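Some notes on the structure that comes next.
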Amino acid sequence: MGLTGTLHRISAIKDRDGSVIGLTYRIGRHVPGVGNLLWDILATLGQSRRHSSTEDPAASSLLLLGHPGVGKTTLLRDVTGLLAERFGRRVVVVDTSNEIGGDGKVPHSCIGRARRMPVPHKSRQHEVLQEAVQNHNPEIVVVDEIGSPAEAAAVRGIAQRGIAMVGTAHGTDLSSLIANPDLNSLIGGVHQVTLGDLEARHSNHGNKTRTERKGLPAFSCLVEVLDHTTWRVHPDVAASVDALLANKQPTTQLRQHKDGKLLVRFETSAACAASALSQHGEPWLAGLFQLAKSMHIPAD
């Protein structure tokens, strides 16, 4: 049960006879500005439907990954509001238990002009996801806690239509999502392939089988929410999955809000650092400084 006009929720603990023997109060928060650390990523979401010739597949959709209580839903609320208000996108929120927009017929102001579609029961979340696309012409669909194969299939279907997605899922990092058979289709899925003798000797230490990514990810950008102010960004999920399956370190960005500053650390293996920086480093750094300037945040 939610409290109308707020983001708070009350859940009952029931005895075997159905009587209430305890209550859990969950305090929902809106933290304005928490999504600013992803400003450059959010600016690209939903653009492909307006400017198909400038589609950027590396930033067309966004998955927030983290363990329960780390702040995924708090971040998702602010991201939704920024996309609807600051970037003027047509956003539809599929809100299963009114976690994102709060209880009541009128959603909380934190999601701005985004439209909300309530879900009658968690088991029907995948149906409402499909309905949102079929009937409401969104540029971006937002959903909290993707957790079942049916929901993952619905998300993949939306991505195949060229509609941007912003969602959350439980997991400690990208490796844990790869190992999750119910949800790893969100990042392309994995399968075993059999190698020839020559390729096995030269590229797989003599092993005849190798695990590879099966297809294209539904979410092309992934953020590991480490805590309320620190996130690890995988700007190219396909490349990160391929690197992890090959037992290599993926190229990521560690982003932090600290003492009023935006801190970004480029993380990669020593082998590809020089190549990555020579090809992408200068534009990437220039983009981050422009981002900091637009948000009036000093950048170190």
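Simple scheme: letters A, B, ... for chains in structure tokens order, numbers from 1 for residues in each chain, numbers from 1 for ligands in the order shown.
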(request) Could you give me the residues within region 99-143 of chain A that DSSP places in helix (DSSP H, G or I), as a list in words? (result)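 Of region 99-143 of chain A, the ones in helix (DSSP H, G or I) are Ser109, Cys110, Ile111, Lys122, Ser123, Arg124, Gln125, His126, Glu127, Val128, Leu129, Gln130, Glu131, Ala132, Val133, Gln134, Asn135 and His136 of chain A.
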(request) Please identify all polymer residues within 12 Å of Ala179 (chain A), counting only C-alpha atoms, omitting same-chain residues fewer than 6 positions from it, and present them as a ChimeraX atom specification. (result) /A:171-173,185-187,189-191,211,213,241,244-245
Residues from last step as file, N, CA and C atoms, as a compact mmCIF listing (two decimals), in the first residue's frame:
# COMPACT_ATOMS: atom_id res chain seq x y z
N GLY A 171 21.50 -7.17 -9.53
CA GLY A 171 22.78 -7.80 -9.85
C GLY A 171 23.90 -6.99 -9.25
N THR A 172 25.02 -7.63 -9.00
CA THR A 172 26.15 -6.91 -8.40
C THR A 172 26.98 -6.21 -9.46
N ASP A 173 27.12 -6.82 -10.62
CA ASP A 173 27.90 -6.23 -11.71
C ASP A 173 27.50 -6.93 -13.01
N SER A 185 19.70 -12.46 -21.58
CA SER A 185 19.29 -12.07 -22.94
C SER A 185 19.23 -10.56 -23.08
N LEU A 186 19.12 -9.82 -21.96
CA LEU A 186 19.10 -8.36 -22.01
C LEU A 186 20.42 -7.81 -22.54
N ILE A 187 21.50 -8.57 -22.34
CA ILE A 187 22.81 -8.10 -22.81
C ILE A 187 23.35 -9.04 -23.90
N GLY A 189 22.71 -12.44 -24.36
CA GLY A 189 22.69 -13.87 -24.13
C GLY A 189 24.05 -14.49 -24.39
N VAL A 190 24.24 -15.73 -23.95
CA VAL A 190 25.51 -16.44 -24.17
C VAL A 190 25.22 -17.86 -24.63
N HIS A 191 26.17 -18.42 -25.36
CA HIS A 191 26.06 -19.82 -25.78
C HIS A 191 27.45 -20.39 -25.98
N THR A 211 32.69 -19.90 -24.70
CA THR A 211 31.44 -19.19 -24.46
C THR A 211 31.49 -17.84 -25.18
N ARG A 213 29.02 -14.34 -26.86
CA ARG A 213 27.75 -13.62 -26.87
C ARG A 213 26.90 -14.14 -28.02
N VAL A 241 30.69 -7.24 -22.65
CA VAL A 241 30.35 -8.66 -22.51
C VAL A 241 31.39 -9.52 -23.22
N LEU A 244 34.56 -9.64 -21.08
CA LEU A 244 34.43 -10.48 -19.88
C LEU A 244 34.42 -11.96 -20.24
N LEU A 245 33.75 -12.33 -21.33
CA LEU A 245 33.72 -13.72 -21.75
C LEU A 245 35.10 -14.20 -22.20
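Restricting the calculation to only C-alpha atoms, the smallest distance between Asn98 (chain A) and any of A:Ala238, A:Leu7, A:Leu82, A:Leu263 is found for A:Leu7.
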(message) Would you compute the distance between CA of Trp39 (chain A) and CA of Leu62 (chain A)? Give it in Å to one decimal.
(response)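 Those two atoms sit 12.1 Å apart.
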(message) Give me, as a VMD selection string, all polymer residues having an atom no more than 7 Å from Ala164 (chain A), counting only C-alpha atoms and skipping those fewer than 2 positions away in the same chain.
(response) chain A and resid 45 to 46 60 to 61 139 to 141 159 162 166
Output for the residues just chosen: C-alpha atoms as an mmCIF file, in the first residue's frame:
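Heads up, here's the output in result_8.cif:
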data_model
loop_
_atom_site.group_PDB
_atom_site.id
_atom_site.type_symbol
_atom_site.label_atom_id
_atom_site.label_comp_id
_atom_site.auth_asym_id
_atom_site.auth_seq_id
_atom_site.Cartn_x
_atom_site.Cartn_y
_atom_site.Cartn_z
ATOM 1 C CA LEU A 45 18.223 8.487 -25.512
ATOM 2 C CA GLY A 46 15.222 8.619 -27.827
ATOM 3 C CA SER A 60 20.239 4.035 -27.414
ATOM 4 C CA SER A 61 19.122 2.371 -24.182
ATOM 5 C CA GLU A 139 10.139 7.555 -27.532
ATOM 6 C CA ILE A 140 11.359 6.041 -24.253
ATOM 7 C CA VAL A 141 9.838 3.331 -22.048
ATOM 8 C CA ALA A 159 14.336 -2.675 -28.439
ATOM 9 C CA GLY A 162 13.849 0.947 -32.210
ATOM 10 C CA VAL A 166 15.502 2.702 -19.410
#
(request) Among the residues of region 105-251 of chain A, find those DSSP assigns to strand (DSSP E) from the backbone and print them as JSON, numbers by chain. (result) {"A": [115, 116, 117, 118, 140, 141, 142, 143, 164, 165, 166, 167, 168, 169, 170, 190, 191, 192, 193, 194, 209, 210, 211, 212, 213, 221, 222, 223, 224, 225, 230, 231, 232, 233, 234]}
(request) Mind giving me the straight-line distance from CA of Glu267 (chain A) to CA of Leu254 (chain A) in Å, one decimal? (result)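 Atom-to-atom, CA of Glu267 (chain A) to CA of Leu254 (chain A), that is 7.1 Å.
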(message) To one decimal place in Å, what is the distance between CA of Leu129 (chain A) and CA of Ala154 (chain A)?
(response)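 It comes out at 6.6 Å.
The shortest atom-to-atom distance to Leu42 (chain A), with only C-alpha atoms taken into account, belongs to A:Val79 out of A:Leu23, A:Val70, A:Val79, A:Val264.
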(message) Here is a test: counting only C-alpha atoms, which residue of A:His136, A:His202, A:Arg77, A:Lys208 is nearest to Val34 (chain A)?
(response)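 With only C-alpha atoms as the atom set, the closest residue is A:Arg77.
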